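Here is run.csv, consisting of CSV, C-alpha atoms:
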```
chain,number,residue,atom,x,y,z
K,21,MET,CA,-53.8,18.0,33.1
K,22,LEU,CA,-52.5,20.8,30.9
K,23,LYS,CA,-53.2,18.8,27.7
K,24,SER,CA,-56.7,17.8,28.7
K,25,ARG,CA,-57.5,21.5,29.6
K,26,TYR,CA,-56.2,22.6,26.2
K,27,ILE,CA,-58.3,20.0,24.5
K,28,HIS,CA,-61.3,21.3,26.4
K,29,LEU,CA,-60.5,24.8,25.3
K,30,LEU,CA,-60.3,23.8,21.6
K,31,THR,CA,-63.5,21.9,21.9
K,32,CYS,CA,-65.1,25.0,23.4
K,33,ILE,CA,-63.8,27.1,20.5
K,34,LEU,CA,-65.1,24.7,17.9
K,35,SER,CA,-68.5,24.7,19.5
K,36,LEU,CA,-68.4,28.5,19.4
K,37,ILE,CA,-67.8,28.4,15.7
K,38,PHE,CA,-70.9,26.3,15.0
K,39,PHE,CA,-73.1,27.2,18.0
K,40,PHE,CA,-72.6,30.7,19.0
K,41,SER,CA,-75.4,30.4,21.6
K,42,VAL,CA,-72.9,28.8,23.9
K,43,GLY,CA,-70.3,31.6,23.3
K,44,ALA,CA,-70.7,33.3,26.6
K,45,PHE,CA,-69.6,30.2,28.5
K,46,CYS,CA,-66.7,29.5,26.2
K,47,GLN,CA,-65.5,33.1,26.2
K,48,GLU,CA,-65.4,32.9,30.0
K,49,GLU,CA,-63.2,29.8,29.7
K,50,ILE,CA,-60.9,31.6,27.3
K,51,LEU,CA,-60.5,34.5,29.6
K,52,LYS,CA,-60.0,32.2,32.6
K,53,ASP,CA,-57.2,30.3,30.8
K,54,MET,CA,-55.6,33.6,29.8
K,55,GLY,CA,-55.0,34.3,33.5
K,56,SER,CA,-53.4,30.9,34.1
K,57,ASP,CA,-50.1,30.6,36.0
K,58,ASN,CA,-48.9,28.3,33.2
K,59,LEU,CA,-47.1,30.2,30.4
K,60,THR,CA,-47.7,27.5,27.8
K,61,GLN,CA,-51.4,27.4,28.5
K,62,ARG,CA,-51.6,31.2,28.2
K,63,GLN,CA,-49.7,31.2,24.9
K,64,ASN,CA,-51.9,28.4,23.5
K,65,THR,CA,-55.1,30.3,24.6
K,66,ARG,CA,-53.9,33.5,22.8
K,67,LYS,CA,-53.3,31.7,19.5
K,68,ALA,CA,-56.6,29.8,19.9
K,69,LEU,CA,-58.5,33.1,20.4
K,70,THR,CA,-57.0,34.5,17.2
K,71,ASP,CA,-58.0,31.4,15.2
K,72,TYR,CA,-61.5,31.4,16.7
K,73,LEU,CA,-62.1,35.1,15.9
K,74,GLU,CA,-60.9,34.6,12.3
K,75,LYS,CA,-63.3,31.7,11.7
K,76,LEU,CA,-66.4,33.6,13.0
K,77,ASP,CA,-68.8,35.3,10.7
K,78,GLU,CA,-68.8,39.1,10.9
K,79,ALA,CA,-71.8,39.5,13.2
K,80,ASN,CA,-70.6,36.9,15.7
K,81,ARG,CA,-67.1,38.3,15.5
K,82,SER,CA,-68.4,41.8,16.3
K,83,ALA,CA,-70.3,40.5,19.4
K,84,ALA,CA,-67.2,38.6,20.6
K,85,VAL,CA,-64.9,41.5,20.1
K,86,THR,CA,-67.2,43.9,21.9
K,87,LYS,CA,-67.1,41.7,25.0
K,88,LEU,CA,-63.3,41.3,24.8
K,89,ILE,CA,-62.8,45.1,24.5
K,90,ASN,CA,-65.2,45.7,27.4
K,91,THR,CA,-63.2,43.2,29.4
K,92,LEU,CA,-59.9,44.8,28.3
K,93,VAL,CA,-60.8,48.3,29.5
K,94,ASN,CA,-62.3,47.2,32.7
K,95,PRO,CA,-60.0,48.3,35.5
K,96,ALA,CA,-60.6,45.1,37.4
K,97,THR,CA,-59.2,42.9,34.6
K,98,THR,CA,-55.9,41.4,35.5
K,99,TYR,CA,-52.7,42.2,33.5
K,100,GLN,CA,-52.4,38.6,32.1
K,101,VAL,CA,-56.0,38.7,30.8
K,102,LYS,CA,-55.4,42.1,29.2
K,103,LEU,CA,-52.2,40.8,27.7
K,104,GLY,CA,-54.0,37.7,26.3
K,105,ILE,CA,-56.7,39.8,24.7
K,106,GLY,CA,-54.0,42.0,23.2
K,107,TYR,CA,-52.2,39.0,21.7
K,108,GLY,CA,-55.5,37.4,20.5
K,109,LEU,CA,-56.9,40.4,18.8
K,110,GLY,CA,-53.6,41.8,17.7
K,111,GLY,CA,-52.8,38.6,15.9
K,112,LEU,CA,-55.6,38.9,13.4
K,113,ARG,CA,-54.5,39.1,9.8
K,114,LYS,CA,-57.2,37.3,7.7
K,115,VAL,CA,-59.9,39.6,9.0
K,116,SER,CA,-60.3,43.0,10.7
K,117,TRP,CA,-62.4,43.6,13.8
K,118,LYS,CA,-65.4,45.9,13.7
K,119,VAL,CA,-68.0,46.7,16.4
K,120,ALA,CA,-71.1,48.8,16.6
K,121,ASN,CA,-69.4,51.6,18.5
K,122,GLN,CA,-66.2,51.4,16.4
K,123,GLN,CA,-64.7,54.9,17.1
K,124,GLU,CA,-65.5,54.7,20.8
K,125,ALA,CA,-63.9,51.2,21.0
K,126,GLU,CA,-60.8,52.3,19.1
K,127,MET,CA,-60.3,55.3,21.3
K,128,SER,CA,-60.8,53.4,24.5
K,129,VAL,CA,-58.0,51.0,23.4
K,130,TYR,CA,-55.8,53.9,22.3
K,131,ASN,CA,-56.3,55.7,25.6
K,132,LEU,CA,-55.4,52.6,27.5
K,133,PHE,CA,-52.3,52.2,25.2
K,134,ARG,CA,-51.3,55.8,26.0
K,135,SER,CA,-51.8,55.6,29.7
K,136,ASP,CA,-50.4,52.1,30.5
K,137,LYS,CA,-46.8,52.1,31.8
K,138,ASN,CA,-46.1,48.4,31.0
K,139,HIS,CA,-44.1,48.2,27.8
K,140,THR,CA,-45.1,44.7,26.9
K,141,LEU,CA,-48.8,45.5,27.3
K,142,LYS,CA,-48.5,48.7,25.4
K,143,VAL,CA,-47.0,46.8,22.4
K,144,GLN,CA,-50.0,44.4,22.4
K,145,LEU,CA,-52.5,47.2,22.8
K,146,ASP,CA,-51.0,48.9,19.8
K,147,ASP,CA,-51.1,45.7,17.8
K,148,LEU,CA,-54.7,45.2,18.8
K,149,LEU,CA,-55.8,48.7,17.7
K,150,MET,CA,-54.2,48.3,14.3
K,151,THR,CA,-56.1,45.2,13.4
K,152,ALA,CA,-59.3,47.3,13.5
K,153,ALA,CA,-61.2,47.8,10.3
K,154,VAL,CA,-60.0,50.8,8.2
K,155,LEU,CA,-56.6,50.9,10.0
K,156,TYR,CA,-53.1,49.6,9.4
K,157,TRP,CA,-53.5,46.0,8.6
K,158,ASP,CA,-56.6,46.6,6.5
K,159,ALA,CA,-54.6,49.2,4.5
K,160,ILE,CA,-51.6,46.8,4.2
K,161,ASN,CA,-53.9,44.1,2.9
K,162,ASP,CA,-55.0,46.5,0.1
K,163,TYR,CA,-51.4,47.4,-0.6
K,164,ASN,CA,-50.2,43.8,-0.8
K,165,ASN,CA,-53.1,42.8,-3.0
K,166,ASP,CA,-52.6,45.6,-5.5
K,167,ARG,CA,-56.0,47.2,-4.7
K,168,VAL,CA,-56.3,50.3,-6.9
K,169,ASP,CA,-60.0,50.2,-7.6
K,170,GLN,CA,-60.8,52.5,-4.7
K,171,VAL,CA,-57.5,54.4,-4.2
K,172,GLU,CA,-58.9,57.1,-1.9
K,173,VAL,CA,-60.4,54.5,0.4
K,174,THR,CA,-57.0,52.8,0.9
K,175,VAL,CA,-55.3,56.2,1.2
K,176,GLY,CA,-57.9,57.0,4.0
K,177,LYS,CA,-57.0,53.9,5.9
K,178,PHE,CA,-53.3,54.8,5.9
K,179,ARG,CA,-54.0,58.4,6.8
K,180,ARG,CA,-56.3,57.4,9.7
K,181,VAL,CA,-53.4,55.7,11.4
K,182,PHE,CA,-51.0,58.6,11.6
K,183,GLU,CA,-53.6,61.4,11.8
K,184,THR,CA,-55.9,59.8,14.4
K,185,TYR,CA,-53.4,57.8,16.3
K,186,PRO,CA,-50.1,59.7,16.1
K,187,GLU,CA,-48.6,58.1,19.2
K,188,SER,CA,-49.0,54.6,17.8
K,189,SER,CA,-45.7,52.9,16.6
K,190,TYR,CA,-47.6,52.2,13.4
K,191,ALA,CA,-48.0,55.9,12.6
K,192,PRO,CA,-44.6,56.3,10.8
K,193,LYS,CA,-45.1,52.9,9.1
K,194,ALA,CA,-48.4,53.9,7.7
K,195,HIS,CA,-47.0,57.3,6.6
K,196,PHE,CA,-44.1,55.6,4.8
K,197,PHE,CA,-46.3,53.0,3.1
K,198,LEU,CA,-48.8,55.6,1.9
K,199,ALA,CA,-46.0,57.2,-0.1
K,200,GLY,CA,-45.0,53.8,-1.5
K,201,TYR,CA,-48.7,53.0,-2.2
K,202,TYR,CA,-49.0,56.1,-4.5
K,203,THR,CA,-45.9,55.0,-6.4
K,204,ARG,CA,-47.3,51.5,-6.6
K,205,VAL,CA,-50.6,52.7,-8.0
K,206,TYR,CA,-48.8,54.6,-10.7
K,207,PHE,CA,-47.1,51.5,-11.9
K,208,ILE,CA,-50.1,49.2,-11.6
K,209,LEU,CA,-52.2,51.7,-13.7
K,210,LYS,CA,-49.3,52.0,-16.2
K,211,ASN,CA,-49.1,48.2,-16.5
K,212,LYS,CA,-52.8,48.2,-17.3
K,213,ASN,CA,-52.2,50.8,-20.1
K,214,MET,CA,-54.3,53.3,-18.3
K,215,ASN,CA,-51.9,56.2,-19.0
K,216,PRO,CA,-51.5,57.5,-15.5
K,217,SER,CA,-50.0,60.9,-15.0
K,218,VAL,CA,-46.5,60.6,-13.5
K,219,ASN,CA,-46.6,64.2,-12.4
K,220,MET,CA,-49.8,63.6,-10.4
K,221,TRP,CA,-49.1,60.2,-8.9
K,222,ILE,CA,-45.4,60.7,-8.3
K,223,GLY,CA,-44.8,64.4,-8.1
K,224,GLU,CA,-48.0,65.6,-6.5
K,225,LYS,CA,-48.8,62.6,-4.3
K,226,ALA,CA,-46.0,60.1,-3.5
K,227,ASN,CA,-43.2,62.7,-3.3
K,228,ILE,CA,-45.3,65.1,-1.2
K,229,VAL,CA,-46.0,62.3,1.3
K,230,PHE,CA,-42.3,61.2,1.4
K,231,GLN,CA,-41.3,64.8,2.0
K,232,ASP,CA,-43.8,65.2,4.8
K,233,PHE,CA,-42.6,61.9,6.3
K,234,ILE,CA,-38.9,63.0,6.1
K,235,SER,CA,-39.8,66.3,7.7
K,236,LYS,CA,-41.5,64.6,10.7
K,237,MET,CA,-38.4,62.5,11.2
K,238,GLU,CA,-36.1,65.5,11.0
K,239,LYS,CA,-38.3,67.3,13.6
K,240,GLY,CA,-38.1,64.3,15.9
K,241,ILE,CA,-41.8,63.5,15.6
K,242,TYR,CA,-40.9,60.1,14.2
K,243,LYS,CA,-37.8,58.1,15.0
K,244,PRO,CA,-35.3,58.3,12.1
K,245,GLY,CA,-35.0,54.6,11.5
K,246,ARG,CA,-36.4,54.8,7.9
K,247,LEU,CA,-34.9,58.2,7.1
K,248,GLN,CA,-32.4,56.9,4.5
K,249,GLU,CA,-34.9,54.5,3.0
K,250,ALA,CA,-37.4,57.4,2.5
K,251,ARG,CA,-34.6,59.5,0.9
K,252,TYR,CA,-33.6,56.7,-1.4
K,253,PHE,CA,-37.1,56.0,-2.7
K,254,LEU,CA,-37.7,59.7,-3.1
K,255,ALA,CA,-34.6,59.8,-5.3
K,256,LEU,CA,-35.9,56.9,-7.4
K,257,ASN,CA,-39.2,58.7,-7.7
K,258,ASN,CA,-37.4,61.7,-9.0
K,259,VAL,CA,-35.8,59.6,-11.7
K,260,LEU,CA,-39.3,58.8,-12.9
K,261,LEU,CA,-39.9,62.6,-13.1
K,262,ASP,CA,-36.7,63.1,-15.1
K,263,ARG,CA,-35.4,65.3,-12.2
K,264,PHE,CA,-31.9,63.9,-12.0
K,265,LYS,CA,-30.4,66.7,-10.0
K,266,ASP,CA,-33.1,66.3,-7.3
K,267,ALA,CA,-32.5,62.5,-7.3
K,268,ARG,CA,-28.8,62.9,-6.9
K,269,ASP,CA,-29.3,65.6,-4.2
K,270,HIS,CA,-31.3,63.1,-2.1
K,271,LEU,CA,-28.7,60.4,-2.6
K,272,ASN,CA,-26.0,62.8,-1.5
K,273,GLU,CA,-28.0,63.6,1.6
K,274,ILE,CA,-27.8,59.9,2.5
K,275,MET,CA,-24.0,59.8,1.9
K,276,ARG,CA,-23.4,63.0,4.0
K,277,ASP,CA,-25.6,62.0,6.9
K,278,PRO,CA,-23.5,60.4,9.7
K,279,ARG,CA,-26.5,58.3,10.7
K,280,SER,CA,-26.3,56.4,7.4
K,281,GLU,CA,-23.3,54.5,8.8
K,282,THR,CA,-25.8,52.5,10.9
K,283,GLN,CA,-29.1,53.0,9.2
K,284,ILE,CA,-30.1,50.5,6.5
K,285,ILE,CA,-32.3,50.5,3.4
K,286,TYR,CA,-34.7,47.6,2.7
K,287,ILE,CA,-35.4,46.9,-0.9
K,288,TYR,CA,-38.2,44.6,-1.8
K,289,GLN,CA,-38.2,45.9,-5.4
K,290,TYR,CA,-36.5,49.0,-6.7
K,291,TYR,CA,-39.6,49.8,-8.7
K,292,TYR,CA,-42.9,48.0,-8.5
K,293,SER,CA,-43.1,45.0,-10.9
K,294,PRO,CA,-45.4,42.0,-11.0
K,295,ARG,CA,-42.5,39.8,-12.0
K,296,ASN,CA,-40.9,37.5,-9.4
K,297,GLU,CA,-37.5,38.1,-10.9
K,298,ASP,CA,-37.7,41.7,-9.9
K,299,ILE,CA,-38.0,40.9,-6.2
K,300,VAL,CA,-34.8,41.7,-4.3
K,301,ASP,CA,-36.0,41.4,-0.6
K,302,VAL,CA,-32.6,42.4,0.9
K,303,TYR,CA,-31.4,45.0,3.5
K,304,PHE,CA,-28.5,47.1,2.2
K,305,ALA,CA,-25.9,49.4,3.7
K,306,SER,CA,-27.5,52.8,3.0
K,307,ARG,CA,-24.4,54.9,2.2
K,308,GLN,CA,-22.9,52.3,-0.2
K,309,LEU,CA,-26.3,51.8,-2.0
K,310,ALA,CA,-26.7,55.6,-2.4
K,311,GLN,CA,-23.2,56.0,-3.7
K,312,TYR,CA,-23.6,53.1,-6.2
K,313,THR,CA,-26.9,54.5,-7.4
K,314,GLU,CA,-25.6,58.1,-7.7
K,315,ILE,CA,-22.8,56.9,-10.0
K,316,TYR,CA,-25.3,55.6,-12.5
K,317,LEU,CA,-27.4,58.7,-12.4
K,318,GLU,CA,-24.4,60.9,-13.0
K,319,ARG,CA,-23.2,58.7,-15.8
K,320,TYR,CA,-26.6,58.5,-17.5
K,321,PRO,CA,-28.6,61.7,-16.8
K,322,VAL,CA,-31.2,61.4,-19.6
K,323,PHE,CA,-34.4,59.6,-19.1
K,324,ASP,CA,-35.9,57.4,-21.9
K,325,ASN,CA,-38.2,54.5,-22.3
K,326,SER,CA,-35.6,51.9,-21.5
K,327,TYR,CA,-34.1,53.8,-18.6
K,328,LEU,CA,-35.8,52.0,-15.7
K,329,GLU,CA,-35.1,48.6,-17.1
K,330,ASN,CA,-31.4,49.4,-17.4
K,331,LEU,CA,-31.2,51.1,-14.1
K,332,VAL,CA,-32.8,48.1,-12.3
K,333,LYS,CA,-30.4,45.7,-14.0
K,334,TYR,CA,-27.5,47.8,-12.7
K,335,LEU,CA,-28.9,48.1,-9.2
K,336,LYS,CA,-29.5,44.3,-8.9
K,337,VAL,CA,-25.8,43.8,-9.3
K,338,PHE,CA,-25.2,45.7,-6.0
K,339,LYS,CA,-23.9,43.4,-3.3
K,340,HIS,CA,-23.7,45.0,0.1
K,341,PRO,CA,-26.4,43.2,2.1
K,342,VAL,CA,-26.8,43.7,5.8
K,343,LYS,CA,-27.5,40.7,8.0
K,344,MET,CA,-30.5,41.2,10.2
K,345,ASN,CA,-30.7,39.5,13.6
```

What is this structure when it is put down as structure tokens?
Amino acid sequence: MLKSRYIHLLTCILSLIFFFSVGAFCQEEILKDMGSDNLTQRQNTRKALTDYLEKLDEANRSAAVTKLINTLVNPATTYQVKLGIGYGLGGLRKVSWKVANQQEAEMSVYNLFRSDKNHTLKVQLDDLLMTAAVLYWDAINDYNNDRVDQVEVTVGKFRRVFETYPESSYAPKAHFFLAGYYTRVYFILKNKNMNPSVNMWIGEKANIVFQDFISKMEKGIYKPGRLQEARYFLALNNVLLDRFKDARDHLNEIMRDPRSETQIIYIYQYYYSPRNEDIVDVYFASRQLAQYTEIYLERYPVFDNSYLENLVKYLKVFKHPVKMN
């Protein structure tokens, strides 16, 4: 029975993709299956909803999302259906959702996220909100694809997350990645021989954002989980600026902080590089990594054209990975 109903659902979704005129009926079927007593059926429906939305053209996706959000914020909608909509929309990665009344729709989701007391539903509402156009996953897509043609547009996407939706769990993530994005832009432009200003991109942009991010953690506005990571990359940025004392000061902050005993630092790359051999992709013990890095900066305190290459070679020898559950 379950298998035949799931086949019926998939058939419905496929018909939606090619014949949107029957969409009202099929969407009702999707919402009905989201409220099923069978967990497997609910899970399959959530994934099917994500796949269906990603395959629709923009106009039809907008119409479908409008109806889903209207259902979501309706007080009469059951918990399971709300959860299913959260999973379905929150799972979007290939596309972002956009509706005619975008700001109103986003704020209605955000207000529901803030007011709901159920932790699981709150998480899914948060995920759903951040798949909206010009928000977190849209910005991350620019970041991962090295988009530097419209820097201020991408910057605006990151800023909208932590300025417009500060209670979202994505706010500190967006703030942190904005600082990293500025550093990334500097290296991408440099690799294109566009002679970017290190003082502007690193000193006036990336470092200012990192400092603001750290300040919010120290004030308790953000949870301090990425505190040592931010300090570490701020130190690496100061190497670019030939500010070795500042770099070592930030590393010493990590070593002195009792929280560094349990907090870790994730390194995808020490400095942005298009080369696969420069990918590290490891979590490290923060205090040991800071100490190891500080030794090199103390030993070689003069920046030159070969400094970063030699520093990265040294850092890639470091072997204190932390196993993640």

So that each row is one residue of region 132-236 of chain K with an atom at most 8 Å from region 281-293 of chain K, can you give its shortest atom pair and the distance in Å to one decimal, using all atoms listed in the file, rows by chain and rising number, as a tab-separated table?
```
residue	atom	partner	partner_atom	distance
K:Thr203	CA	K:Tyr292	CA	7.9
K:Arg204	CA	K:Tyr292	CA	5.9
K:Phe207	CA	K:Tyr292	CA	6.4
K:Ile208	CA	K:Tyr292	CA	7.9
```

>> My list of candidates is K:Asp158, K:Asp146, K:Glu74, K:Glu314. Which is closest to Phe133 (chain K) when distances are computed with only C-alpha atoms?
In response: K:Asp146

>> If we draw a sphere of 9 Å around (-43.1, 53.3, -0.4), which residues have at least one atom in it when counting only C-alpha atoms? Please report them as a ChimeraX atom specification.
In response: /K:195-204,226,230,249-250,253-254

> Need the neighbours of (-46.6, 55.7, 15.1): which residues are at most 10 Å away, counting all atoms listed in the file, as a list of chain:residue names?
Replying inline: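 Residues lying no farther than 10 Å from the given point: K:Asp146, K:Val181, K:Phe182, K:Glu183, K:Tyr185, K:Pro186, K:Glu187, K:Ser188, K:Ser189, K:Tyr190, K:Ala191, K:Pro192, K:Lys193, K:Ala194, K:His195, K:Ile241, K:Tyr242, K:Lys243.
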
> CA of Met54 (chain K) and CA of Gly104 (chain K), how far apart in Å?
Replying inline: 5.6 Å

> Restricting the calculation to only C-alpha atoms, which member of K:Gln100, K:Thr151, K:Asn131, K:Gln63 is positioned closest to Val85 (chain K)?
Replying inline: K:Thr151

> Do you know which residues are at most 10 Å from Val168 (chain K) counting only C-alpha atoms, after dropping those on the same chain fewer than 2 positions away, and could you put them as a ChimeraX atom specification?
Replying inline: /K:162-163,165-166,170-174,201-202,204-206,208-209

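Counting all atoms listed in the file, Leu335 (chain K) has the following residues at most 9 Å away, ignoring those fewer than 2 positions along the same chain: Tyr290, Leu309, Tyr312, Thr313, Tyr316, Asn330, Leu331, Val332, Lys333, Val337 and Phe338 of chain K.
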
>> With distances taken over all atoms listed in the file, which residue among K:Val129, K:Leu145, K:Val101, K:Val115 lies nearest Ile160 (chain K)?
In response: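 Of all the options, K:Val115 lies closest to Ile160 (chain K).
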
> What separation in Å, quoted to one decimal, exists between CA of Arg319 (chain K) and CA of Val302 (chain K)?
Replying inline: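 Between CA of Arg319 (chain K) and CA of Val302 (chain K) the gap is 25.2 Å.
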
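When all atoms listed in the file are used to compute distances to Asp53 (chain K), the closest of the residues K:Ile89, K:Leu73, K:Val218, K:Ile105 turns out to be K:Ile105.
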
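The interatomic distance for the pair CA of Leu256 (chain K) and CA of Ile274 (chain K) works out to 13.1 Å.
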
> With all atoms listed in the file as the atoms that count, which of K:Lys102, K:Arg167, K:Lys118, K:His139 lies nearest to Leu155 (chain K)?
Replying inline: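 Result for the nearest residue to Leu155 (chain K): K:Lys118.
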